[in-house]
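**Q** Before anything else, here's the structure in question.
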Amino acid sequence: MDYGYYPGCSLTGSAKKLDKGVRAVFRKMGHTLKEIPDWNCCGAVEYGDRRELTGLSRENLKKAEGVCKEIVAPCPACYKNLKEADSDKAFTILNPLELLNKEMLTSVAAKRDLKGKVFTPYYGCVLLRPQETAIENKNVMEEVITYFGGEIEGEKIRDHYCGGGQIFVNKWSTEKLSRLIAEKSRGTFVVFCPLCQMALKTFSTGRKVIYLTDLLLYVMGENNIL
Amino acid sequence: MSSLYVQASETSERPSEANVLRPTVQDVVRPTDLSARIFALADYQRADFSVCLGCKICASVCTINDLGVAANPQDLLVRLFLGQSVHEDDVVVRNCMSCYRCTDACPWKIRIPEVVRAFREELAMASPFEKAFKGSINIWGRVYEPYVILRAIPFLLMQGYVKHLHKWVEYAGFHLPHKVKRGGS
(Lines give C-alpha, C1' and ligand atoms only; values in the text may rest on other atoms or scores of the structure.)
Protein backbone atom coordinates (compact mmCIF):
# COMPACT_ATOMS: atom_id res chain seq x y z
CA MET A 1 0.00 0.00 0.00
CA ASP A 2 1.14 3.58 -0.65
CA TYR A 3 1.22 6.12 2.16
CA GLY A 4 2.13 9.78 2.32
CA TYR A 5 5.00 10.39 4.73
CA TYR A 6 5.61 13.31 7.05
CA PRO A 7 8.97 12.70 8.78
CA GLY A 8 9.10 16.02 10.67
CA CYS A 9 12.24 17.89 11.67
CA SER A 10 13.67 15.60 14.34
CA LEU A 11 13.55 12.56 12.05
CA THR A 12 15.86 14.39 9.64
CA GLY A 13 18.33 15.07 12.47
CA SER A 14 18.65 13.65 15.97
CA ALA A 15 15.97 10.99 15.42
CA LYS A 16 17.33 9.81 12.06
CA LYS A 17 17.37 6.31 13.55
CA LEU A 18 13.58 6.32 13.88
CA ASP A 19 13.24 7.58 10.30
CA LYS A 20 15.48 4.79 9.00
CA GLY A 21 13.63 2.24 11.12
CA VAL A 22 10.17 3.29 9.94
CA ARG A 23 11.26 3.30 6.30
CA ALA A 24 12.91 -0.14 6.66
CA VAL A 25 9.91 -1.75 8.40
CA PHE A 26 7.49 -0.35 5.83
CA ARG A 27 9.73 -1.55 2.98
CA LYS A 28 9.90 -5.04 4.48
CA MET A 29 6.12 -5.08 4.86
CA GLY A 30 5.72 -4.15 1.19
CA HIS A 31 4.45 -0.60 1.78
CA THR A 32 5.64 2.55 0.04
CA LEU A 33 6.21 5.87 1.81
CA LYS A 34 5.97 8.97 -0.35
CA GLU A 35 7.31 12.07 1.40
CA ILE A 36 5.05 15.14 1.34
CA PRO A 37 6.85 17.58 -0.97
CA ASP A 38 8.60 20.51 0.68
CA TRP A 39 6.97 19.90 4.08
CA ASN A 40 7.51 22.46 6.83
CA CYS A 41 7.87 22.15 10.61
CA CYS A 42 4.66 21.42 12.55
CA GLY A 43 5.70 23.70 15.42
CA ALA A 44 5.81 20.85 17.96
CA VAL A 45 4.66 22.33 21.31
CA GLU A 46 6.55 25.59 21.05
CA TYR A 47 3.75 27.95 20.02
CA GLY A 48 1.44 29.83 22.39
CA ASP A 49 -0.85 30.90 19.57
CA ARG A 50 -3.03 27.91 18.76
CA ARG A 51 -4.12 29.29 15.38
CA GLU A 52 -0.50 29.93 14.37
CA LEU A 53 0.43 26.38 15.42
CA THR A 54 -2.45 24.78 13.54
CA GLY A 55 -1.64 26.95 10.52
CA LEU A 56 1.78 25.29 10.19
CA SER A 57 0.23 21.84 9.84
CA ARG A 58 -2.51 23.17 7.53
CA GLU A 59 0.28 24.23 5.17
CA ASN A 60 1.54 20.63 5.21
CA LEU A 61 -1.92 19.23 4.52
CA LYS A 62 -2.25 21.60 1.57
CA LYS A 63 1.07 20.31 0.22
CA ALA A 64 -0.24 16.75 0.61
CA GLU A 65 -3.33 17.42 -1.51
CA GLY A 66 -3.24 15.30 -4.63
CA VAL A 67 -0.26 13.35 -3.28
CA CYS A 68 -1.91 11.05 -0.77
CA LYS A 69 -4.97 10.51 1.38
CA GLU A 70 -3.25 8.64 4.22
CA ILE A 71 -0.33 10.33 5.93
CA VAL A 72 2.08 8.47 8.19
CA ALA A 73 3.64 10.72 10.86
CA PRO A 74 6.00 8.85 13.23
CA CYS A 75 6.83 11.75 15.58
CA PRO A 76 4.05 11.99 18.20
CA ALA A 77 4.03 15.82 18.22
CA CYS A 78 3.81 16.00 14.41
CA TYR A 79 1.09 13.35 14.47
CA LYS A 80 -0.97 15.30 17.01
CA ASN A 81 -0.56 18.62 15.20
CA LEU A 82 -1.48 17.15 11.81
CA LYS A 83 -4.55 15.48 13.31
CA GLU A 84 -5.70 18.73 14.91
CA ALA A 85 -5.16 20.67 11.69
CA ASP A 86 -7.18 18.13 9.67
CA SER A 87 -10.45 19.28 11.26
CA ASP A 88 -12.60 18.33 8.25
CA LYS A 89 -11.01 14.84 8.10
CA ALA A 90 -9.85 15.23 4.51
CA PHE A 91 -6.93 12.90 5.30
CA THR A 92 -6.32 9.88 7.48
CA ILE A 93 -3.43 10.77 9.77
CA LEU A 94 -1.64 7.68 11.04
CA ASN A 95 1.11 6.97 13.50
CA PRO A 96 2.97 3.80 12.45
CA LEU A 97 1.84 2.23 15.75
CA GLU A 98 -1.72 2.27 14.40
CA LEU A 99 -0.75 -0.06 11.58
CA LEU A 100 0.63 -2.71 13.94
CA ASN A 101 -2.48 -4.84 14.26
CA LYS A 102 -2.66 -8.61 14.66
CA GLU A 103 -2.97 -9.13 10.91
CA MET A 104 0.23 -7.20 10.32
CA LEU A 105 2.08 -9.06 13.09
CA THR A 106 1.11 -12.49 11.75
CA SER A 107 2.42 -11.45 8.34
CA VAL A 108 5.89 -10.63 9.75
CA ALA A 109 8.46 -13.17 8.57
CA ALA A 110 10.01 -13.55 12.03
CA LYS A 111 13.54 -14.92 12.07
CA ARG A 112 14.06 -14.40 15.82
CA ASP A 113 11.92 -14.16 18.93
CA LEU A 114 12.23 -12.11 22.10
CA LYS A 115 12.10 -15.00 24.60
CA GLY A 116 14.02 -14.30 27.81
CA LYS A 117 14.23 -10.58 27.11
CA VAL A 118 12.62 -8.03 29.43
CA PHE A 119 11.15 -4.76 28.17
CA THR A 120 9.32 -1.67 29.37
CA PRO A 121 7.12 -0.17 26.67
CA TYR A 122 6.88 3.59 27.18
CA TYR A 123 4.53 5.78 25.15
CA GLY A 124 5.19 9.23 26.59
CA CYS A 125 2.52 11.91 26.61
CA VAL A 126 0.95 12.88 23.28
CA LEU A 127 0.56 9.37 21.86
CA LEU A 128 -1.90 8.73 24.70
CA ARG A 129 -3.30 12.22 25.35
CA PRO A 130 -5.50 14.17 24.71
CA GLN A 131 -8.08 11.55 23.84
CA GLU A 132 -9.22 13.08 20.53
CA THR A 133 -5.74 12.88 19.01
CA ALA A 134 -4.46 9.78 20.84
CA ILE A 135 -3.71 6.47 19.17
CA GLU A 136 -6.64 4.06 19.39
CA ASN A 137 -4.87 0.94 20.68
CA LYS A 138 -3.01 2.05 23.80
CA ASN A 139 -1.55 -1.42 24.36
CA VAL A 140 -0.01 -1.86 20.93
CA MET A 141 3.60 -1.97 22.09
CA GLU A 142 2.77 -4.50 24.83
CA GLU A 143 1.01 -6.64 22.20
CA VAL A 144 4.00 -6.52 19.83
CA ILE A 145 6.49 -7.41 22.58
CA THR A 146 4.47 -10.32 23.96
CA TYR A 147 3.50 -11.57 20.49
CA PHE A 148 7.17 -12.24 19.79
CA GLY A 149 7.77 -13.79 23.23
CA GLY A 150 9.21 -10.82 25.13
CA GLU A 151 8.46 -10.15 28.79
CA ILE A 152 7.21 -6.97 30.42
CA GLU A 153 8.18 -6.34 34.03
CA GLY A 154 8.07 -3.49 36.53
CA GLU A 155 5.31 -1.14 37.57
CA LYS A 156 2.90 0.36 35.09
CA ILE A 157 4.48 3.67 34.16
CA ARG A 158 2.28 4.54 31.18
CA ASP A 159 0.76 7.56 32.93
CA HIS A 160 4.10 8.98 33.97
CA TYR A 161 5.78 11.69 31.97
CA CYS A 162 9.51 11.63 31.14
CA GLY A 163 9.85 15.40 30.71
CA GLY A 164 11.42 14.93 27.28
CA GLY A 165 9.68 18.02 25.93
CA GLN A 166 11.57 20.09 28.49
CA ILE A 167 15.01 18.57 28.06
CA PHE A 168 16.45 21.76 26.53
CA VAL A 169 14.34 24.10 28.62
CA ASN A 170 14.36 22.78 32.15
CA LYS A 171 16.81 19.92 32.46
CA TRP A 172 16.20 19.50 36.17
CA SER A 173 12.57 18.48 35.59
CA THR A 174 13.44 16.05 32.79
CA GLU A 175 16.16 14.43 34.88
CA LYS A 176 13.92 13.96 37.90
CA LEU A 177 10.95 12.61 35.90
CA SER A 178 13.04 10.28 33.74
CA ARG A 179 14.78 8.85 36.79
CA LEU A 180 11.39 8.21 38.45
CA ILE A 181 10.33 6.20 35.40
CA ALA A 182 13.62 4.30 35.33
CA GLU A 183 13.31 3.38 39.02
CA LYS A 184 9.85 1.88 38.53
CA SER A 185 10.57 -0.10 35.38
CA ARG A 186 12.75 -3.00 34.26
CA GLY A 187 14.71 -4.05 31.20
CA THR A 188 15.05 -2.30 27.87
CA PHE A 189 12.88 0.75 27.25
CA VAL A 190 10.87 0.52 24.04
CA VAL A 191 9.71 3.95 22.84
CA PHE A 192 8.31 5.64 19.77
CA CYS A 193 8.99 9.30 20.55
CA PRO A 194 12.33 10.99 19.79
CA LEU A 195 12.11 13.13 22.93
CA CYS A 196 11.32 10.17 25.20
CA GLN A 197 14.25 8.34 23.62
CA MET A 198 16.61 11.22 24.34
CA ALA A 199 15.35 11.89 27.87
CA LEU A 200 15.43 8.26 28.99
CA LYS A 201 18.78 7.62 27.33
CA THR A 202 20.29 10.67 28.99
CA PHE A 203 18.96 10.17 32.49
CA SER A 204 18.15 6.46 33.03
CA THR A 205 21.73 5.49 33.82
CA GLY A 206 22.84 2.43 31.90
CA ARG A 207 19.42 1.35 30.62
CA LYS A 208 18.99 0.53 26.97
CA VAL A 209 16.44 2.67 25.10
CA ILE A 210 15.29 1.51 21.67
CA TYR A 211 12.58 2.41 19.20
CA LEU A 212 9.87 -0.18 18.53
CA THR A 213 11.06 -0.19 14.93
CA ASP A 214 14.46 -1.50 16.18
CA LEU A 215 12.64 -4.35 17.92
CA LEU A 216 10.70 -5.25 14.77
CA LEU A 217 13.84 -5.14 12.64
CA TYR A 218 15.61 -7.40 15.16
CA VAL A 219 12.76 -9.92 14.95
CA MET A 220 12.91 -9.67 11.16
CA GLY A 221 16.55 -10.72 11.29
CA GLU A 222 18.51 -7.46 11.14
CA ASN A 223 21.83 -7.56 12.94
CA ASN A 224 23.41 -5.07 15.37
CA ILE A 225 20.04 -3.63 16.32
CA LEU A 226 19.50 -4.42 20.03
CA MET B 1 13.52 39.40 34.23
CA SER B 2 13.62 36.80 36.95
CA SER B 3 14.50 33.22 36.20
CA LEU B 4 11.70 31.65 34.21
CA TYR B 5 11.71 28.03 35.19
CA VAL B 6 12.70 25.87 38.10
CA GLN B 7 16.42 26.31 38.02
CA ALA B 8 18.49 23.34 36.92
CA SER B 9 21.22 22.59 39.36
CA GLU B 10 24.36 20.64 38.71
CA THR B 11 23.70 18.54 41.77
CA SER B 12 20.10 17.85 40.76
CA GLU B 13 18.85 19.00 44.11
CA ARG B 14 15.26 20.12 44.39
CA PRO B 15 14.87 23.88 44.05
CA SER B 16 13.85 25.60 47.23
CA GLU B 17 10.25 26.71 47.67
CA ALA B 18 11.47 30.29 47.61
CA ASN B 19 13.00 29.82 44.16
CA VAL B 20 9.86 28.29 42.76
CA LEU B 21 7.25 30.67 44.10
CA ARG B 22 9.00 34.02 44.53
CA PRO B 23 6.90 36.78 42.92
CA THR B 24 8.34 40.00 41.56
CA VAL B 25 5.95 42.92 41.53
CA GLN B 26 7.21 44.57 38.35
CA ASP B 27 6.23 41.57 36.24
CA VAL B 28 2.52 41.66 37.12
CA VAL B 29 0.44 42.34 34.03
CA ARG B 30 -2.85 44.23 33.84
CA PRO B 31 -5.43 41.49 34.38
CA THR B 32 -8.24 42.24 31.98
CA ASP B 33 -5.97 42.89 28.98
CA LEU B 34 -4.03 39.75 29.73
CA SER B 35 -7.13 37.55 30.05
CA ALA B 36 -8.50 38.70 26.71
CA ARG B 37 -5.21 38.02 24.96
CA ILE B 38 -4.86 34.58 26.56
CA PHE B 39 -8.37 33.58 25.46
CA ALA B 40 -7.55 34.68 21.91
CA LEU B 41 -4.20 32.87 21.79
CA ALA B 42 -5.54 29.62 23.26
CA ASP B 43 -8.64 29.81 21.02
CA TYR B 44 -11.06 29.84 23.95
CA GLN B 45 -13.94 32.05 25.05
CA ARG B 46 -14.25 33.25 28.63
CA ALA B 47 -17.52 31.30 28.91
CA ASP B 48 -15.68 28.06 28.11
CA PHE B 49 -14.15 28.21 31.58
CA SER B 50 -17.44 28.84 33.37
CA VAL B 51 -18.03 25.07 33.33
CA CYS B 52 -15.05 24.39 35.59
CA LEU B 53 -16.57 22.97 38.76
CA GLY B 54 -13.45 23.24 40.86
CA CYS B 55 -13.09 19.47 41.20
CA LYS B 56 -9.30 19.90 41.12
CA ILE B 57 -8.78 16.59 39.36
CA CYS B 58 -6.29 18.50 37.19
CA ALA B 59 -4.32 19.25 40.35
CA SER B 60 -4.43 15.63 41.49
CA VAL B 61 -2.88 14.29 38.26
CA CYS B 62 -0.51 17.18 37.41
CA THR B 63 3.02 16.03 36.60
CA ILE B 64 4.47 19.05 38.44
CA ASN B 65 3.55 17.24 41.67
CA ASP B 66 6.09 14.56 40.70
CA LEU B 67 8.75 17.26 41.00
CA GLY B 68 7.83 17.75 44.64
CA VAL B 69 6.07 21.06 43.96
CA ALA B 70 2.33 21.36 44.66
CA ALA B 71 0.47 22.51 41.55
CA ASN B 72 -3.13 23.56 41.04
CA PRO B 73 -3.96 24.26 37.37
CA GLN B 74 -7.59 24.93 38.32
CA ASP B 75 -6.52 28.04 40.19
CA LEU B 76 -5.03 29.37 36.94
CA LEU B 77 -8.32 28.79 35.10
CA VAL B 78 -10.32 30.54 37.82
CA ARG B 79 -7.99 33.55 37.82
CA LEU B 80 -8.25 33.75 34.06
CA PHE B 81 -12.04 33.47 34.18
CA LEU B 82 -12.28 36.20 36.82
CA GLY B 83 -9.83 38.44 34.96
CA GLN B 84 -7.38 38.39 37.85
CA SER B 85 -3.65 38.86 37.43
CA VAL B 86 -1.45 35.89 36.71
CA HIS B 87 2.24 36.13 37.36
CA GLU B 88 5.05 34.54 35.38
CA ASP B 89 6.25 32.89 38.59
CA ASP B 90 2.98 30.99 38.94
CA VAL B 91 3.97 27.37 39.57
CA VAL B 92 1.89 25.99 36.69
CA VAL B 93 2.87 28.71 34.21
CA ARG B 94 6.55 28.14 34.95
CA ASN B 95 6.61 24.39 35.15
CA CYS B 96 3.83 22.91 32.98
CA MET B 97 5.35 20.36 30.61
CA SER B 98 2.40 19.88 28.25
CA CYS B 99 1.87 16.25 29.24
CA TYR B 100 -1.93 16.66 28.95
CA ARG B 101 -2.66 14.53 32.01
CA CYS B 102 -4.91 17.37 33.24
CA THR B 103 -6.82 17.54 29.95
CA ASP B 104 -7.34 13.79 29.95
CA ALA B 105 -8.67 13.86 33.51
CA CYS B 106 -10.77 17.04 33.19
CA PRO B 107 -14.55 16.39 32.91
CA TRP B 108 -14.65 19.17 30.28
CA LYS B 109 -11.35 18.26 28.60
CA ILE B 110 -10.03 21.81 28.96
CA ARG B 111 -6.68 22.10 27.17
CA ILE B 112 -4.82 23.58 30.13
CA PRO B 113 -1.31 23.10 28.61
CA GLU B 114 -2.36 25.30 25.69
CA VAL B 115 -3.63 27.95 28.09
CA VAL B 116 -0.25 27.81 29.82
CA ARG B 117 1.60 28.11 26.50
CA ALA B 118 -0.53 31.17 25.71
CA PHE B 119 0.53 32.69 29.02
CA ARG B 120 4.17 32.01 28.26
CA GLU B 121 3.85 33.57 24.84
CA GLU B 122 2.11 36.64 26.20
CA LEU B 123 4.54 37.02 29.09
CA ALA B 124 7.54 36.51 26.75
CA MET B 125 8.80 33.56 28.75
CA ALA B 126 10.41 31.59 25.92
CA SER B 127 13.74 30.02 26.86
CA PRO B 128 16.80 30.61 24.63
CA PHE B 129 16.29 27.14 23.17
CA GLU B 130 12.66 27.85 22.30
CA LYS B 131 13.64 31.18 20.71
CA ALA B 132 16.26 29.39 18.61
CA PHE B 133 13.68 26.73 17.64
CA LYS B 134 11.25 29.35 16.34
CA GLY B 135 14.09 31.33 14.77
CA SER B 136 15.01 28.30 12.68
CA ILE B 137 11.41 27.90 11.51
CA ASN B 138 11.33 31.58 10.56
CA ILE B 139 14.50 31.22 8.47
CA TRP B 140 14.09 27.79 6.85
CA GLY B 141 10.56 26.65 7.63
CA ARG B 142 12.04 23.70 9.49
CA VAL B 143 14.02 23.13 12.66
CA TYR B 144 17.65 22.88 11.62
CA GLU B 145 19.21 21.37 14.73
CA PRO B 146 22.82 22.60 14.22
CA TYR B 147 21.51 26.19 14.09
CA VAL B 148 19.34 25.72 17.18
CA ILE B 149 22.19 24.23 19.19
CA LEU B 150 24.67 26.91 18.11
CA ARG B 151 22.27 29.74 18.93
CA ALA B 152 21.43 28.25 22.32
CA ILE B 153 25.05 27.40 23.22
CA PRO B 154 25.50 30.01 25.99
CA PHE B 155 22.33 28.74 27.69
CA LEU B 156 23.30 25.09 27.24
CA LEU B 157 26.79 25.71 28.66
CA MET B 158 25.48 27.64 31.65
CA GLN B 159 22.88 24.97 32.43
CA GLY B 160 25.44 22.15 32.45
CA TYR B 161 24.46 20.22 29.34
CA VAL B 162 28.10 19.51 28.42
CA LYS B 163 28.27 16.57 30.80
CA HIS B 164 25.63 14.74 28.74
CA LEU B 165 27.39 15.15 25.39
CA HIS B 166 28.94 11.67 25.48
CA LYS B 167 25.44 10.17 25.53
CA TRP B 168 24.40 12.19 22.49
CA VAL B 169 26.98 10.95 20.01
CA GLU B 170 24.32 8.91 18.20
CA TYR B 171 22.39 12.10 17.46
CA ALA B 172 25.30 13.81 15.77
CA GLY B 173 25.25 14.18 12.03
CA PHE B 174 25.43 16.90 9.50
CA HIS B 175 23.17 17.88 6.69
CA LEU B 176 22.67 21.20 4.99
CA PRO B 177 19.46 23.07 5.82
CA HIS B 178 16.56 22.84 3.42
CA LYS B 179 14.64 26.07 2.87
CA VAL B 180 10.92 25.43 2.59
CA LYS B 181 8.56 27.52 0.48
CA ARG B 182 6.02 28.90 2.94
CA GLY B 183 2.56 30.40 2.77
CA GLY B 184 0.72 27.48 1.25
CA SER B 185 -2.32 27.60 3.55
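Lettering and numbering for the C-alpha coordinates are positional, with chains as A, B, ... in the shown order, residues counted from 1 in each chain, and ligands counted from 1 in the shown order.
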Using only C-alpha atoms, which residues sit within 10 Å of B:Pro107 once same-chain residues fewer than 3 positions away are excluded, as a PyMOL selection string?

**A** chain B and resi 51-53+55+57-58+102-104+110

**Q** Keeping only N, CA and C atoms, write those residues as a PDB file, in the first residue's frame.

**A**
ATOM      1  N   VAL B  51     -17.588  26.442  33.004  1.00  0.00           N
ATOM      2  CA  VAL B  51     -18.026  25.075  33.331  1.00  0.00           C
ATOM      3  C   VAL B  51     -17.130  24.406  34.372  1.00  0.00           C
ATOM      4  N   CYS B  52     -15.966  24.995  34.615  1.00  0.00           N
ATOM      5  CA  CYS B  52     -15.054  24.387  35.588  1.00  0.00           C
ATOM      6  C   CYS B  52     -15.719  24.357  36.954  1.00  0.00           C
ATOM      7  N   LEU B  53     -15.836  23.151  37.507  1.00  0.00           N
ATOM      8  CA  LEU B  53     -16.572  22.967  38.756  1.00  0.00           C
ATOM      9  C   LEU B  53     -15.668  23.027  39.977  1.00  0.00           C
ATOM     10  N   CYS B  55     -13.294  20.818  40.658  1.00  0.00           N
ATOM     11  CA  CYS B  55     -13.086  19.466  41.196  1.00  0.00           C
ATOM     12  C   CYS B  55     -11.614  19.198  41.503  1.00  0.00           C
ATOM     13  N   ILE B  57      -9.376  17.847  39.828  1.00  0.00           N
ATOM     14  CA  ILE B  57      -8.779  16.588  39.357  1.00  0.00           C
ATOM     15  C   ILE B  57      -7.514  16.897  38.551  1.00  0.00           C
ATOM     16  N   CYS B  58      -7.495  18.085  37.918  1.00  0.00           N
ATOM     17  CA  CYS B  58      -6.291  18.497  37.187  1.00  0.00           C
ATOM     18  C   CYS B  58      -5.104  18.601  38.141  1.00  0.00           C
ATOM     19  N   CYS B 102      -3.781  16.577  32.728  1.00  0.00           N
ATOM     20  CA  CYS B 102      -4.911  17.372  33.239  1.00  0.00           C
ATOM     21  C   CYS B 102      -6.082  17.341  32.257  1.00  0.00           C
ATOM     22  N   THR B 103      -5.770  17.525  30.976  1.00  0.00           N
ATOM     23  CA  THR B 103      -6.824  17.541  29.953  1.00  0.00           C
ATOM     24  C   THR B 103      -7.546  16.203  29.914  1.00  0.00           C
ATOM     25  N   ASP B 104      -6.774  15.139  29.993  1.00  0.00           N
ATOM     26  CA  ASP B 104      -7.340  13.793  29.947  1.00  0.00           C
ATOM     27  C   ASP B 104      -8.273  13.553  31.138  1.00  0.00           C
ATOM     28  N   ILE B 110     -10.640  20.486  29.208  1.00  0.00           N
ATOM     29  CA  ILE B 110     -10.032  21.806  28.960  1.00  0.00           C
ATOM     30  C   ILE B 110      -8.542  21.622  28.674  1.00  0.00           C
TER      31      ILE B 110
END

**Q** Select from chain A every residue with an atom at most 8 Å from any atom of chain B, then for each give the shortest pair of atoms and their distance in Å to one decimal, using only C-alpha atoms, rows by chain and rising number, as a Markdown table.

**A**
| residue | atom | partner | partner_atom | distance |
| --- | --- | --- | --- | --- |
| A:Cys9 | CA | B:Val143 | CA | 5.6 |
| A:Ser10 | CA | B:Val143 | CA | 7.7 |
| A:Gly13 | CA | B:Glu145 | CA | 6.8 |
| A:Ser14 | CA | B:Tyr171 | CA | 4.3 |
| A:Ala15 | CA | B:Tyr171 | CA | 6.8 |
| A:Lys16 | CA | B:Tyr171 | CA | 7.7 |
| A:Asp38 | CA | B:Val180 | CA | 5.8 |
| A:Trp39 | CA | B:Val180 | CA | 7.0 |
| A:Asn40 | CA | B:Gly141 | CA | 5.2 |
| A:Cys41 | CA | B:Arg142 | CA | 4.6 |
| A:Gly43 | CA | B:Lys134 | CA | 8.0 |
| A:Val45 | CA | B:Ser98 | CA | 7.7 |
| A:Glu46 | CA | B:Glu130 | CA | 6.6 |
| A:Tyr47 | CA | B:Arg117 | CA | 6.8 |
| A:Gly48 | CA | B:Ala118 | CA | 4.1 |
| A:Asp49 | CA | B:Leu41 | CA | 4.5 |
| A:Arg50 | CA | B:Ala42 | CA | 5.4 |
| A:Arg51 | CA | B:Asp43 | CA | 7.2 |
| A:Gly55 | CA | B:Ser185 | CA | 7.0 |
| A:Arg58 | CA | B:Ser185 | CA | 6.0 |
| A:Glu59 | CA | B:Ser185 | CA | 4.6 |
| A:Asn60 | CA | B:Gly184 | CA | 8.0 |
| A:Lys62 | CA | B:Ser185 | CA | 6.3 |
| A:Lys63 | CA | B:Gly184 | CA | 7.3 |
| A:Cys125 | CA | B:Cys99 | CA | 5.1 |
| A:Val126 | CA | B:Cys99 | CA | 6.9 |
| A:Arg129 | CA | B:Tyr100 | CA | 5.9 |
| A:Pro130 | CA | B:Asp104 | CA | 5.6 |
| A:Gln131 | CA | B:Asp104 | CA | 6.6 |
| A:Asp159 | CA | B:Arg101 | CA | 7.8 |
| A:His160 | CA | B:Thr63 | CA | 7.6 |
| A:Tyr161 | CA | B:Cys99 | CA | 6.6 |
| A:Gly163 | CA | B:Met97 | CA | 6.7 |
| A:Gly165 | CA | B:Met97 | CA | 6.8 |
| A:Gln166 | CA | B:Met97 | CA | 6.6 |
| A:Phe168 | CA | B:Phe129 | CA | 6.3 |
| A:Val169 | CA | B:Ser127 | CA | 6.2 |
| A:Asn170 | CA | B:Ala8 | CA | 6.3 |
| A:Lys171 | CA | B:Ala8 | CA | 5.9 |
| A:Trp172 | CA | B:Ala8 | CA | 4.5 |
| A:Ser173 | CA | B:Leu67 | CA | 6.7 |
| A:Glu175 | CA | B:Ser12 | CA | 7.9 |
| A:Lys176 | CA | B:Leu67 | CA | 6.9 |
| A:Leu177 | CA | B:Asp66 | CA | 7.1 |
| A:Lys201 | CA | B:Lys167 | CA | 7.4 |
| A:Thr202 | CA | B:Lys167 | CA | 6.2 |

**Q** Report as a PyMOL selection string all protein, DNA and RNA residues lying within 9 Å of stretch 99-103 of chain A, evaluated on only C-alpha atoms, omitting residues in the same chain fewer than 2 positions from it.

**A** chain A and resi 94-97+105-107+137+140-141+143-144+147

**Q** Taking 5 positions as the minimum chain separation for residues in the same chain, which residues sit within 6 Å of stretch 220-225 of chain A when counting only C-alpha atoms? Answer as a ChimeraX atom specification.

**A** /A:110-111,214

**Q** As an MDAnalysis selection string, which residues of chain B does DSSP assign to alpha helix (DSSP H)?

**A** chainID B and resid 17:21 31:42 57:61 73:82 91:95 101:105 112:122 128:140 145:151 153:158
